[in-house]
file entry13.cif (mmCIF, C-alpha atoms; chains and numbers go by the auth columns)
data_my_file
#
loop_
_atom_site.group_PDB
_atom_site.id
_atom_site.type_symbol
_atom_site.label_atom_id
_atom_site.label_comp_id
_atom_site.label_asym_id
_atom_site.label_seq_id
_atom_site.Cartn_x
_atom_site.Cartn_y
_atom_site.Cartn_z
_atom_site.B_iso_or_equiv
_atom_site.auth_seq_id
_atom_site.auth_asym_id
ATOM 1 C CA MET A 1 13.812 1.190 60.982 0.00 1 N
ATOM 2 C CA ASN A 2 14.770 -1.977 62.821 0.00 2 N
ATOM 3 C CA PRO A 3 12.544 -5.034 62.333 0.00 3 N
ATOM 4 C CA ILE A 4 10.468 -6.203 65.281 0.00 4 N
ATOM 5 C CA GLN A 5 12.384 -8.343 67.760 0.00 5 N
ATOM 6 C CA LYS A 6 10.712 -11.734 67.575 0.00 6 N
ATOM 7 C CA PHE A 7 10.460 -14.239 70.403 0.00 7 N
ATOM 8 C CA SER A 8 12.803 -17.215 70.023 0.00 8 N
ATOM 9 C CA THR A 9 10.502 -19.508 72.017 0.00 9 N
ATOM 10 C CA PRO A 10 8.620 -21.763 69.578 0.00 10 N
ATOM 11 C CA CYS A 11 4.893 -21.097 69.362 0.00 11 N
ATOM 12 C CA VAL A 12 2.475 -23.965 68.762 0.00 12 N
ATOM 13 C CA ILE A 13 -1.146 -23.522 67.730 0.00 13 N
ATOM 14 C CA LEU A 14 -3.266 -26.405 68.994 0.00 14 N
ATOM 15 C CA ALA A 15 -5.670 -27.379 66.209 0.00 15 N
ATOM 16 C CA GLY A 16 -6.365 -31.043 66.858 0.00 16 N
ATOM 17 C CA GLY A 17 -9.579 -30.807 68.851 0.00 17 N
ATOM 18 C CA LYS A 18 -12.853 -32.466 67.947 0.00 18 N
ATOM 19 C CA SER A 19 -14.914 -29.239 67.575 0.00 19 N
ATOM 20 C CA SER A 20 -17.973 -31.170 68.730 0.00 20 N
ATOM 21 C CA ARG A 21 -19.924 -28.088 69.806 0.00 21 N
ATOM 22 C CA MET A 22 -19.266 -26.329 66.502 0.00 22 N
ATOM 23 C CA GLY A 23 -20.482 -29.271 64.437 0.00 23 N
ATOM 24 C CA LYS A 24 -17.564 -28.886 62.024 0.00 24 N
ATOM 25 C CA ASN A 25 -13.808 -28.425 62.286 0.00 25 N
ATOM 26 C CA LYS A 26 -13.504 -24.857 63.576 0.00 26 N
ATOM 27 C CA ALA A 27 -9.851 -24.670 62.566 0.00 27 N
ATOM 28 C CA LEU A 28 -11.042 -24.647 58.929 0.00 28 N
ATOM 29 C CA LEU A 29 -13.618 -21.859 59.244 0.00 29 N
ATOM 30 C CA PRO A 30 -12.805 -18.721 57.199 0.00 30 N
ATOM 31 C CA PHE A 31 -11.563 -15.888 59.388 0.00 31 N
ATOM 32 C CA GLY A 32 -10.014 -12.438 59.112 0.00 32 N
ATOM 33 C CA GLY A 33 -9.468 -12.541 55.362 0.00 33 N
ATOM 34 C CA CYS A 34 -7.711 -15.914 55.551 0.00 34 N
ATOM 35 C CA SER A 35 -8.848 -19.284 54.242 0.00 35 N
ATOM 36 C CA SER A 36 -9.240 -20.565 57.780 0.00 36 N
ATOM 37 C CA LEU A 37 -8.966 -19.723 61.444 0.00 37 N
ATOM 38 C CA ALA A 38 -5.807 -21.829 61.551 0.00 38 N
ATOM 39 C CA GLU A 39 -4.188 -19.785 58.793 0.00 39 N
ATOM 40 C CA TYR A 40 -5.236 -16.534 60.483 0.00 40 N
ATOM 41 C CA GLN A 41 -3.584 -17.577 63.736 0.00 41 N
ATOM 42 C CA TYR A 42 -0.508 -18.868 61.926 0.00 42 N
ATOM 43 C CA ARG A 43 0.047 -15.669 59.917 0.00 43 N
ATOM 44 C CA ARG A 44 -0.672 -13.427 62.888 0.00 44 N
ATOM 45 C CA LEU A 45 1.665 -15.191 65.298 0.00 45 N
ATOM 46 C CA GLN A 46 4.472 -15.307 62.739 0.00 46 N
ATOM 47 C CA GLU A 47 4.719 -11.559 63.262 0.00 47 N
ATOM 48 C CA ILE A 48 6.104 -12.003 66.773 0.00 48 N
ATOM 49 C CA PHE A 49 7.594 -15.518 66.886 0.00 49 N
ATOM 50 C CA GLU A 50 10.630 -16.774 65.006 0.00 50 N
ATOM 51 C CA SER A 51 9.002 -20.195 64.634 0.00 51 N
ATOM 52 C CA VAL A 52 5.308 -21.137 64.612 0.00 52 N
ATOM 53 C CA TYR A 53 3.880 -24.646 64.316 0.00 53 N
ATOM 54 C CA ILE A 54 0.408 -26.122 64.075 0.00 54 N
ATOM 55 C CA SER A 55 -0.369 -29.217 66.120 0.00 55 N
ATOM 56 C CA THR A 56 -2.964 -31.362 64.362 0.00 56 N
ATOM 57 C CA LYS A 57 -4.116 -34.905 63.782 0.00 57 N
ATOM 58 C CA ASP A 58 -4.033 -34.491 59.988 0.00 58 N
ATOM 59 C CA SER A 59 -2.135 -31.732 58.172 0.00 59 N
ATOM 60 C CA SER A 60 -3.676 -32.627 54.793 0.00 60 N
ATOM 61 C CA ILE A 61 -6.932 -30.882 55.699 0.00 61 N
ATOM 62 C CA PHE A 62 -5.287 -27.438 55.551 0.00 62 N
ATOM 63 C CA GLU A 63 -5.066 -25.443 52.327 0.00 63 N
ATOM 64 C CA PHE A 64 -2.004 -23.359 53.170 0.00 64 N
ATOM 65 C CA GLU A 65 1.684 -23.981 53.681 0.00 65 N
ATOM 66 C CA ALA A 66 2.821 -24.148 57.298 0.00 66 N
ATOM 67 C CA GLU A 67 4.987 -26.056 59.737 0.00 67 N
ATOM 68 C CA PHE A 68 2.774 -28.879 61.004 0.00 68 N
ATOM 69 C CA ILE A 69 3.358 -31.354 63.802 0.00 69 N
ATOM 70 C CA GLU A 70 1.064 -34.357 63.553 0.00 70 N
ATOM 71 C CA ASP A 71 -0.051 -36.209 66.642 0.00 71 N
ATOM 72 C CA ASP A 72 -1.108 -39.708 65.553 0.00 72 N
ATOM 73 C CA SER A 73 -2.319 -40.781 68.989 0.00 73 N
ATOM 74 C CA GLU A 74 -5.878 -42.075 69.147 0.00 74 N
ATOM 75 C CA THR A 75 -6.356 -40.017 72.288 0.00 75 N
ATOM 76 C CA SER A 76 -7.462 -36.425 71.711 0.00 76 N
ATOM 77 C CA ALA A 77 -6.039 -34.875 74.861 0.00 77 N
ATOM 78 C CA PRO A 78 -3.930 -31.725 75.261 0.00 78 N
ATOM 79 C CA GLY A 79 -1.458 -33.537 77.502 0.00 79 N
ATOM 80 C CA VAL A 80 -0.749 -36.060 74.773 0.00 80 N
ATOM 81 C CA ALA A 81 -0.197 -33.239 72.281 0.00 81 N
ATOM 82 C CA ILE A 82 2.146 -31.407 74.657 0.00 82 N
ATOM 83 C CA ASN A 83 4.208 -34.548 75.163 0.00 83 N
ATOM 84 C CA THR A 84 4.464 -35.031 71.392 0.00 84 N
ATOM 85 C CA LEU A 85 5.495 -31.408 70.873 0.00 85 N
ATOM 86 C CA PHE A 86 8.405 -31.546 73.296 0.00 86 N
ATOM 87 C CA ASN A 87 9.592 -34.814 71.771 0.00 87 N
ATOM 88 C CA GLU A 88 9.388 -33.391 68.250 0.00 88 N
ATOM 89 C CA LEU A 89 10.815 -29.925 68.826 0.00 89 N
ATOM 90 C CA TYR A 90 13.519 -30.687 71.402 0.00 90 N
ATOM 91 C CA ALA A 91 12.686 -27.285 72.890 0.00 91 N
ATOM 92 C CA HIS A 92 13.350 -26.140 76.451 0.00 92 N
ATOM 93 C CA GLU A 93 10.026 -24.325 76.452 0.00 93 N
ATOM 94 C CA ILE A 94 6.980 -23.927 74.213 0.00 94 N
ATOM 95 C CA PHE A 95 4.312 -21.249 74.028 0.00 95 N
ATOM 96 C CA LEU A 96 0.890 -22.798 73.450 0.00 96 N
ATOM 97 C CA ILE A 97 -2.284 -21.199 72.164 0.00 97 N
ATOM 98 C CA THR A 98 -5.488 -22.747 70.882 0.00 98 N
ATOM 99 C CA VAL A 99 -6.596 -22.190 67.307 0.00 99 N
ATOM 100 C CA ASP A 100 -9.946 -20.826 68.515 0.00 100 N
ATOM 101 C CA ALA A 101 -8.518 -17.959 70.601 0.00 101 N
ATOM 102 C CA PRO A 102 -7.752 -15.345 67.922 0.00 102 N
ATOM 103 C CA PHE A 103 -7.968 -12.247 70.109 0.00 103 N
ATOM 104 C CA VAL A 104 -5.144 -12.891 72.562 0.00 104 N
ATOM 105 C CA SER A 105 -2.989 -9.796 72.112 0.00 105 N
ATOM 106 C CA PHE A 106 0.714 -9.578 71.393 0.00 106 N
ATOM 107 C CA LYS A 107 1.071 -7.564 74.593 0.00 107 N
ATOM 108 C CA THR A 108 -0.465 -10.375 76.640 0.00 108 N
ATOM 109 C CA ILE A 109 1.754 -12.974 74.979 0.00 109 N
ATOM 110 C CA GLY A 110 4.796 -10.846 75.681 0.00 110 N
ATOM 111 C CA GLU A 111 3.855 -10.486 79.336 0.00 111 N
ATOM 112 C CA ILE A 112 3.452 -14.253 79.737 0.00 112 N
ATOM 113 C CA LEU A 113 6.829 -14.913 78.111 0.00 113 N
ATOM 114 C CA GLU A 114 8.486 -12.258 80.257 0.00 114 N
ATOM 115 C CA ARG A 115 7.107 -13.873 83.417 0.00 115 N
ATOM 116 C CA GLY A 116 8.456 -17.173 82.118 0.00 116 N
ATOM 117 C CA LYS A 117 11.952 -15.959 82.968 0.00 117 N
ATOM 118 C CA GLU A 118 11.133 -16.296 86.662 0.00 118 N
ATOM 119 C CA GLY A 119 11.726 -20.046 86.745 0.00 119 N
ATOM 120 C CA HIS A 120 8.243 -21.553 86.880 0.00 120 N
ATOM 121 C CA GLU A 121 7.445 -24.820 85.084 0.00 121 N
ATOM 122 C CA ALA A 122 4.411 -23.255 83.448 0.00 122 N
ATOM 123 C CA VAL A 123 3.142 -19.691 83.084 0.00 123 N
ATOM 124 C CA LEU A 124 -0.509 -19.555 82.114 0.00 124 N
ATOM 125 C CA ALA A 125 -3.190 -16.934 81.607 0.00 125 N
ATOM 126 C CA LYS A 126 -5.989 -16.476 84.088 0.00 126 N
ATOM 127 C CA THR A 127 -9.087 -14.271 83.877 0.00 127 N
ATOM 128 C CA PRO A 128 -11.753 -13.709 86.526 0.00 128 N
ATOM 129 C CA ALA A 129 -13.896 -16.423 84.928 0.00 129 N
ATOM 130 C CA LYS A 130 -11.356 -19.205 84.426 0.00 130 N
ATOM 131 C CA LYS A 131 -7.809 -20.481 84.172 0.00 131 N
ATOM 132 C CA HIS A 132 -6.589 -20.923 80.597 0.00 132 N
ATOM 133 C CA TYR A 133 -4.476 -24.063 80.629 0.00 133 N
ATOM 134 C CA LEU A 134 -3.878 -23.900 76.879 0.00 134 N
ATOM 135 C CA ILE A 135 -2.741 -20.291 76.612 0.00 135 N
ATOM 136 C CA GLY A 136 0.716 -19.937 78.041 0.00 136 N
ATOM 137 C CA LEU A 137 4.218 -21.209 78.435 0.00 137 N
ATOM 138 C CA TYR A 138 5.245 -24.770 79.288 0.00 138 N
ATOM 139 C CA LYS A 139 8.789 -25.860 80.072 0.00 139 N
ATOM 140 C CA GLU A 140 10.432 -29.233 79.527 0.00 140 N
ATOM 141 C CA SER A 141 10.778 -29.769 83.276 0.00 141 N
ATOM 142 C CA ILE A 142 7.105 -30.814 83.327 0.00 142 N
ATOM 143 C CA LEU A 143 7.796 -33.860 81.128 0.00 143 N
ATOM 144 C CA PRO A 144 8.554 -36.496 83.778 0.00 144 N
ATOM 145 C CA ARG A 145 5.324 -35.729 85.629 0.00 145 N
ATOM 146 C CA LEU A 146 3.349 -35.458 82.381 0.00 146 N
ATOM 147 C CA GLU A 147 4.589 -38.834 81.166 0.00 147 N
ATOM 148 C CA GLU A 148 3.715 -40.381 84.511 0.00 148 N
ATOM 149 C CA LEU A 149 0.162 -39.027 84.291 0.00 149 N
ATOM 150 C CA LEU A 150 -0.242 -40.251 80.719 0.00 150 N
ATOM 151 C CA GLU A 151 0.900 -43.739 81.740 0.00 151 N
ATOM 152 C CA GLU A 152 -1.846 -43.654 84.370 0.00 152 N
ATOM 153 C CA LYS A 153 -4.278 -42.551 81.630 0.00 153 N
ATOM 154 C CA ASN A 154 -4.887 -39.356 83.561 0.00 154 N
ATOM 155 C CA TYR A 155 -5.438 -36.883 80.736 0.00 155 N
ATOM 156 C CA LYS A 156 -6.653 -33.970 82.846 0.00 156 N
ATOM 157 C CA LEU A 157 -4.338 -31.041 82.285 0.00 157 N
ATOM 158 C CA SER A 158 -5.365 -29.676 85.656 0.00 158 N
ATOM 159 C CA ALA A 159 -3.635 -32.657 87.298 0.00 159 N
ATOM 160 C CA LEU A 160 -0.384 -31.590 85.661 0.00 160 N
ATOM 161 C CA VAL A 161 -0.713 -27.856 86.132 0.00 161 N
ATOM 162 C CA GLU A 162 -2.071 -27.709 89.654 0.00 162 N
ATOM 163 C CA SER A 163 0.529 -30.118 91.051 0.00 163 N
ATOM 164 C CA GLY A 164 3.577 -28.268 89.770 0.00 164 N
ATOM 165 C CA GLU A 165 5.337 -24.925 89.897 0.00 165 N
ATOM 166 C CA THR A 166 2.767 -23.011 87.867 0.00 166 N
ATOM 167 C CA LEU A 167 2.351 -19.251 87.755 0.00 167 N
ATOM 168 C CA PHE A 168 -1.037 -17.872 86.715 0.00 168 N
ATOM 169 C CA VAL A 169 -0.864 -14.374 85.280 0.00 169 N
ATOM 170 C CA ASP A 170 -4.042 -12.362 85.848 0.00 170 N
ATOM 171 C CA PHE A 171 -5.762 -10.591 82.961 0.00 171 N
ATOM 172 C CA LEU A 172 -9.086 -8.753 83.196 0.00 172 N
ATOM 173 C CA ASP A 173 -10.348 -8.768 79.605 0.00 173 N
ATOM 174 C CA GLU A 174 -12.503 -11.883 79.188 0.00 174 N
ATOM 175 C CA GLU A 175 -13.183 -11.100 75.524 0.00 175 N
ATOM 176 C CA GLU A 176 -9.487 -11.299 74.733 0.00 176 N
ATOM 177 C CA PHE A 177 -9.592 -14.974 75.709 0.00 177 N
ATOM 178 C CA SER A 178 -12.865 -15.790 73.951 0.00 178 N
ATOM 179 C CA ASN A 179 -13.031 -19.285 72.498 0.00 179 N
ATOM 180 C CA LEU A 180 -14.964 -19.976 69.319 0.00 180 N
ATOM 181 C CA ASN A 181 -16.759 -23.137 70.388 0.00 181 N
ATOM 182 C CA THR A 182 -20.190 -22.612 68.828 0.00 182 N
ATOM 183 C CA LYS A 183 -21.607 -21.142 65.613 0.00 183 N
ATOM 184 C CA GLU A 184 -22.931 -18.206 67.633 0.00 184 N
ATOM 185 C CA GLU A 185 -19.501 -17.492 69.122 0.00 185 N
ATOM 186 C CA TYR A 186 -17.949 -17.737 65.658 0.00 186 N
ATOM 187 C CA GLN A 187 -20.417 -15.223 64.220 0.00 187 N
ATOM 188 C CA ALA A 188 -19.856 -12.892 67.188 0.00 188 N
ATOM 189 C CA ALA A 189 -16.090 -13.088 66.624 0.00 189 N
ATOM 190 C CA LEU A 190 -16.496 -12.219 62.943 0.00 190 N
ATOM 191 C CA ALA A 191 -18.572 -9.181 63.907 0.00 191 N
ATOM 192 C CA LYS A 192 -16.049 -7.831 66.410 0.00 192 N
ATOM 193 C CA LEU A 193 -12.913 -8.710 64.437 0.00 193 N
ATOM 194 C CA PRO A 194 -12.365 -5.177 63.021 0.00 194 N
ATOM 195 C CA SER A 195 -12.538 -3.653 66.510 0.00 195 N
ATOM 196 C CA ARG A 196 -9.953 -5.977 68.038 0.00 196 N
ATOM 197 C CA VAL A 197 -6.297 -5.154 67.617 0.00 197 N
ATOM 198 C CA LYS A 198 -3.088 -7.137 68.030 0.00 198 N
#
call {"tool": "encode", "arguments": {"input": "entry13.cif", "output": "structure tokens"}}
result
Amino acid sequence: MNPIQKFSTPCVILAGGKSSRMGKNKALLPFGGCSSLAEYQYRRLQEIFESVYISTKDSSIFEFEAEFIEDDSETSAPGVAINTLFNELYAHEIFLITVDAPFVSFKTIGEILERGKEGHEAVLAKTPAKKHYLIGLYKESILPRLEELLEEKNYKLSALVESGETLFVDFLDEEEFSNLNTKEEYQAALAKLPSRVK
């Protein structure tokens, strides 16, 4: 039996948020038989990506071995993290996913990456309720505009995404893109974990 063909695009799990609504660092919450949500995402995504990294402010808080990329900026903004990632990885494109979105399926990820071959600067997920700026593919061609926005202290990712060649891929399952922002959402995710598949 041939091993699964893994994606060569680097995958980065964004785990540097403030978790203000959770009241504690949600990346460190136990999940799915792993020591933390971050480890769960890391192990899971290693199944389909050749290289997986965790973007964080401080890698010492994690109790497992992984490839970490530390962002030492005082500004906690996704755009800053994205800029750091491209400068660190020297990659032509990066697949991003937040640490608190553990139910995004391999099929969905594959569809986004496949659509990335069409030449857009970014290919992001969209559900009926919202656009998911932090679940999708970004390409290095966005960097000049991103750096310009950061110099202007414009940290809104929407300013970057909506002004460029972005493709939004429609998905109908809102639960697949659930974010674990509160204790109630975390408990709900634990309860439905066995019923959700890759």
call {"tool": "residues_near_point", "arguments": {"input": "entry13.cif", "point": "(1.5, -33.9, 83.7)", "cutoff": "9 Å", "atoms": "all atoms listed in the file", "output": "PDB file with C-alpha atoms, in the coordinates of the input"}}
result
ATOM      1  CA  GLY N  79      -1.458 -33.537  77.502  1.00  0.00           C
ATOM      2  CA  ASN N  83       4.208 -34.548  75.163  1.00  0.00           C
ATOM      3  CA  ILE N 142       7.105 -30.814  83.327  1.00  0.00           C
ATOM      4  CA  LEU N 143       7.796 -33.860  81.128  1.00  0.00           C
ATOM      5  CA  PRO N 144       8.554 -36.496  83.778  1.00  0.00           C
ATOM      6  CA  ARG N 145       5.324 -35.729  85.629  1.00  0.00           C
ATOM      7  CA  LEU N 146       3.349 -35.458  82.381  1.00  0.00           C
ATOM      8  CA  GLU N 147       4.589 -38.834  81.166  1.00  0.00           C
ATOM      9  CA  GLU N 148       3.715 -40.381  84.511  1.00  0.00           C
ATOM     10  CA  LEU N 149       0.162 -39.027  84.291  1.00  0.00           C
ATOM     11  CA  LEU N 150      -0.242 -40.251  80.719  1.00  0.00           C
ATOM     12  CA  ASN N 154      -4.887 -39.356  83.561  1.00  0.00           C
ATOM     13  CA  TYR N 155      -5.438 -36.883  80.736  1.00  0.00           C
ATOM     14  CA  LYS N 156      -6.653 -33.970  82.846  1.00  0.00           C
ATOM     15  CA  LEU N 157      -4.338 -31.041  82.285  1.00  0.00           C
ATOM     16  CA  SER N 158      -5.365 -29.676  85.656  1.00  0.00           C
ATOM     17  CA  ALA N 159      -3.635 -32.657  87.298  1.00  0.00           C
ATOM     18  CA  LEU N 160      -0.384 -31.590  85.661  1.00  0.00           C
ATOM     19  CA  VAL N 161      -0.713 -27.856  86.132  1.00  0.00           C
ATOM     20  CA  SER N 163       0.529 -30.118  91.051  1.00  0.00           C
ATOM     21  CA  GLY N 164       3.577 -28.268  89.770  1.00  0.00           C
TER      22      GLY N 164
END
call {"tool": "atom_distance", "arguments": {"input": "entry13.cif", "atom1": "atom CA of Leu14 of chain N", "atom2": "atom CA of Asp100 of chain N"}}
result
8.7 Å
call {"tool": "axis_aligned_box", "arguments": {"input": "entry13.cif", "around": "segment 135-152 of chain N", "padding_each_side": "5 Å", "output": "AutoDock Vina command-line options"}}
result
--center_x 4.0 --center_y -31.8 --center_z 81.1 --size_x 23.5 --size_y 33.8 --size_z 19.0
call {"tool": "atom_distance", "arguments": {"input": "entry13.cif", "atom1": "atom CA of Gly119 of chain N", "atom2": "atom CA of Asp71 of chain N"}}
result
28.4 Å
call {"tool": "atom_distance", "arguments": {"input": "entry13.cif", "atom1": "atom CA of Glu118 of chain N", "atom2": "atom CA of Leu96 of chain N"}}
result
17.9 Å
call {"tool": "resolve_selection", "arguments": {"input": "entry13.cif", "expression": "the PyMOL selection byres ((chain N and resi 30) around 12)", "output": "list in words"}}
result
Asn25, Lys26, Ala27, Leu28, Leu29, Phe31, Gly32, Gly33, Cys34, Ser35, Ser36, Leu37, Ala38, Glu39, Tyr40, Gln41, Phe62, Glu63, Asp100, Tyr186, Gln187, Ala189 and Leu190 of chain N
call {"tool": "write_last_selection", "arguments": {"input": "entry13.cif", "atoms": "C-alpha atoms", "output": "compact mmCIF listing (two decimals), in the frame of the given file"}}
result
# COMPACT_ATOMS: atom_id res chain seq x y z
CA ASN N 25 -13.81 -28.42 62.29
CA LYS N 26 -13.50 -24.86 63.58
CA ALA N 27 -9.85 -24.67 62.57
CA LEU N 28 -11.04 -24.65 58.93
CA LEU N 29 -13.62 -21.86 59.24
CA PHE N 31 -11.56 -15.89 59.39
CA GLY N 32 -10.01 -12.44 59.11
CA GLY N 33 -9.47 -12.54 55.36
CA CYS N 34 -7.71 -15.91 55.55
CA SER N 35 -8.85 -19.28 54.24
CA SER N 36 -9.24 -20.56 57.78
CA LEU N 37 -8.97 -19.72 61.44
CA ALA N 38 -5.81 -21.83 61.55
CA GLU N 39 -4.19 -19.78 58.79
CA TYR N 40 -5.24 -16.53 60.48
CA GLN N 41 -3.58 -17.58 63.74
CA PHE N 62 -5.29 -27.44 55.55
CA GLU N 63 -5.07 -25.44 52.33
CA ASP N 100 -9.95 -20.83 68.52
CA TYR N 186 -17.95 -17.74 65.66
CA GLN N 187 -20.42 -15.22 64.22
CA ALA N 189 -16.09 -13.09 66.62
CA LEU N 190 -16.50 -12.22 62.94
call {"tool": "closest_residue", "arguments": {"input": "entry13.cif", "among": "N:Phe86, N:Phe95, N:Phe106, N:Phe177", "to": "Tyr138 of chain N", "atoms": "all atoms listed in the file"}}
result
N:Phe95
call {"tool": "closest_residue", "arguments": {"input": "entry13.cif", "among": "N:Val80, N:Ala101, N:Thr75, N:Gln5", "to": "Glu185 of chain N", "atoms": "only C-alpha atoms"}}
result
N:Ala101
call {"tool": "residues_near_point", "arguments": {"input": "entry13.cif", "point": "(7.6, -11.2, 70.6)", "cutoff": "7 Å", "atoms": "all atoms listed in the file", "output": "PyMOL selection string"}}
result
chain N and resi 5-7+48-49+110
call {"tool": "decode", "arguments": {"input": "entry13.cif", "residues": "segment 171-188 of chain N", "atoms": "N, CA, C and O atoms", "output": "short mmCIF file (atom, residue, chain, number, x, y, z; two decimals), in the first residue's frame"}}
result
data_model
loop_
_atom_site.label_atom_id
_atom_site.label_comp_id
_atom_site.auth_asym_id
_atom_site.auth_seq_id
_atom_site.Cartn_x
_atom_site.Cartn_y
_atom_site.Cartn_z
N PHE N 171 -18.22 26.89 1.48
CA PHE N 171 -18.51 25.65 2.19
C PHE N 171 -19.78 25.86 3.01
O PHE N 171 -20.02 26.96 3.52
N LEU N 172 -20.59 24.81 3.15
CA LEU N 172 -21.89 24.96 3.80
C LEU N 172 -21.90 24.59 5.27
O LEU N 172 -22.75 25.05 6.03
N ASP N 173 -20.96 23.76 5.70
CA ASP N 173 -20.97 23.24 7.06
C ASP N 173 -20.34 24.24 8.05
O ASP N 173 -19.12 24.32 8.16
N GLU N 174 -21.17 24.98 8.76
CA GLU N 174 -20.66 25.96 9.72
C GLU N 174 -19.88 25.28 10.85
O GLU N 174 -18.88 25.81 11.33
N GLU N 175 -20.36 24.11 11.28
CA GLU N 175 -19.71 23.43 12.40
C GLU N 175 -18.27 23.05 12.09
O GLU N 175 -17.42 23.02 12.98
N GLU N 176 -18.00 22.77 10.83
CA GLU N 176 -16.64 22.40 10.44
C GLU N 176 -15.66 23.54 10.74
O GLU N 176 -14.49 23.30 11.03
N PHE N 177 -16.16 24.77 10.71
CA PHE N 177 -15.30 25.93 10.92
C PHE N 177 -15.51 26.56 12.30
O PHE N 177 -15.16 27.72 12.52
N SER N 178 -16.06 25.78 13.22
CA SER N 178 -16.29 26.28 14.57
C SER N 178 -14.98 26.70 15.22
O SER N 178 -13.97 25.99 15.15
N ASN N 179 -15.01 27.86 15.88
CA ASN N 179 -13.88 28.33 16.66
C ASN N 179 -14.16 28.13 18.14
O ASN N 179 -15.27 28.34 18.59
N LEU N 180 -13.14 27.73 18.87
CA LEU N 180 -13.28 27.51 20.30
C LEU N 180 -12.85 28.78 21.03
O LEU N 180 -11.72 28.90 21.49
N ASN N 181 -13.76 29.73 21.13
CA ASN N 181 -13.43 31.02 21.73
C ASN N 181 -13.83 31.12 23.20
O ASN N 181 -13.25 31.91 23.94
N THR N 182 -14.82 30.34 23.61
CA THR N 182 -15.32 30.42 24.98
C THR N 182 -15.28 29.04 25.64
O THR N 182 -15.12 28.01 24.96
N LYS N 183 -15.45 29.01 26.96
CA LYS N 183 -15.46 27.74 27.68
C LYS N 183 -16.62 26.86 27.20
O LYS N 183 -16.49 25.64 27.12
N GLU N 184 -17.74 27.51 26.88
CA GLU N 184 -18.91 26.75 26.41
C GLU N 184 -18.62 26.12 25.04
O GLU N 184 -18.99 24.96 24.79
N GLU N 185 -17.97 26.85 24.17
CA GLU N 185 -17.63 26.31 22.85
C GLU N 185 -16.59 25.19 22.97
O GLU N 185 -16.64 24.21 22.21
N TYR N 186 -15.69 25.33 23.91
CA TYR N 186 -14.70 24.28 24.16
C TYR N 186 -15.37 23.00 24.63
O TYR N 186 -15.09 21.90 24.13
N GLN N 187 -16.28 23.12 25.59
CA GLN N 187 -17.00 21.95 26.10
C GLN N 187 -17.85 21.30 25.00
O GLN N 187 -17.93 20.07 24.90
N ALA N 188 -18.47 22.12 24.18
CA ALA N 188 -19.29 21.60 23.07
C ALA N 188 -18.40 20.84 22.07
O ALA N 188 -18.80 19.79 21.54
#
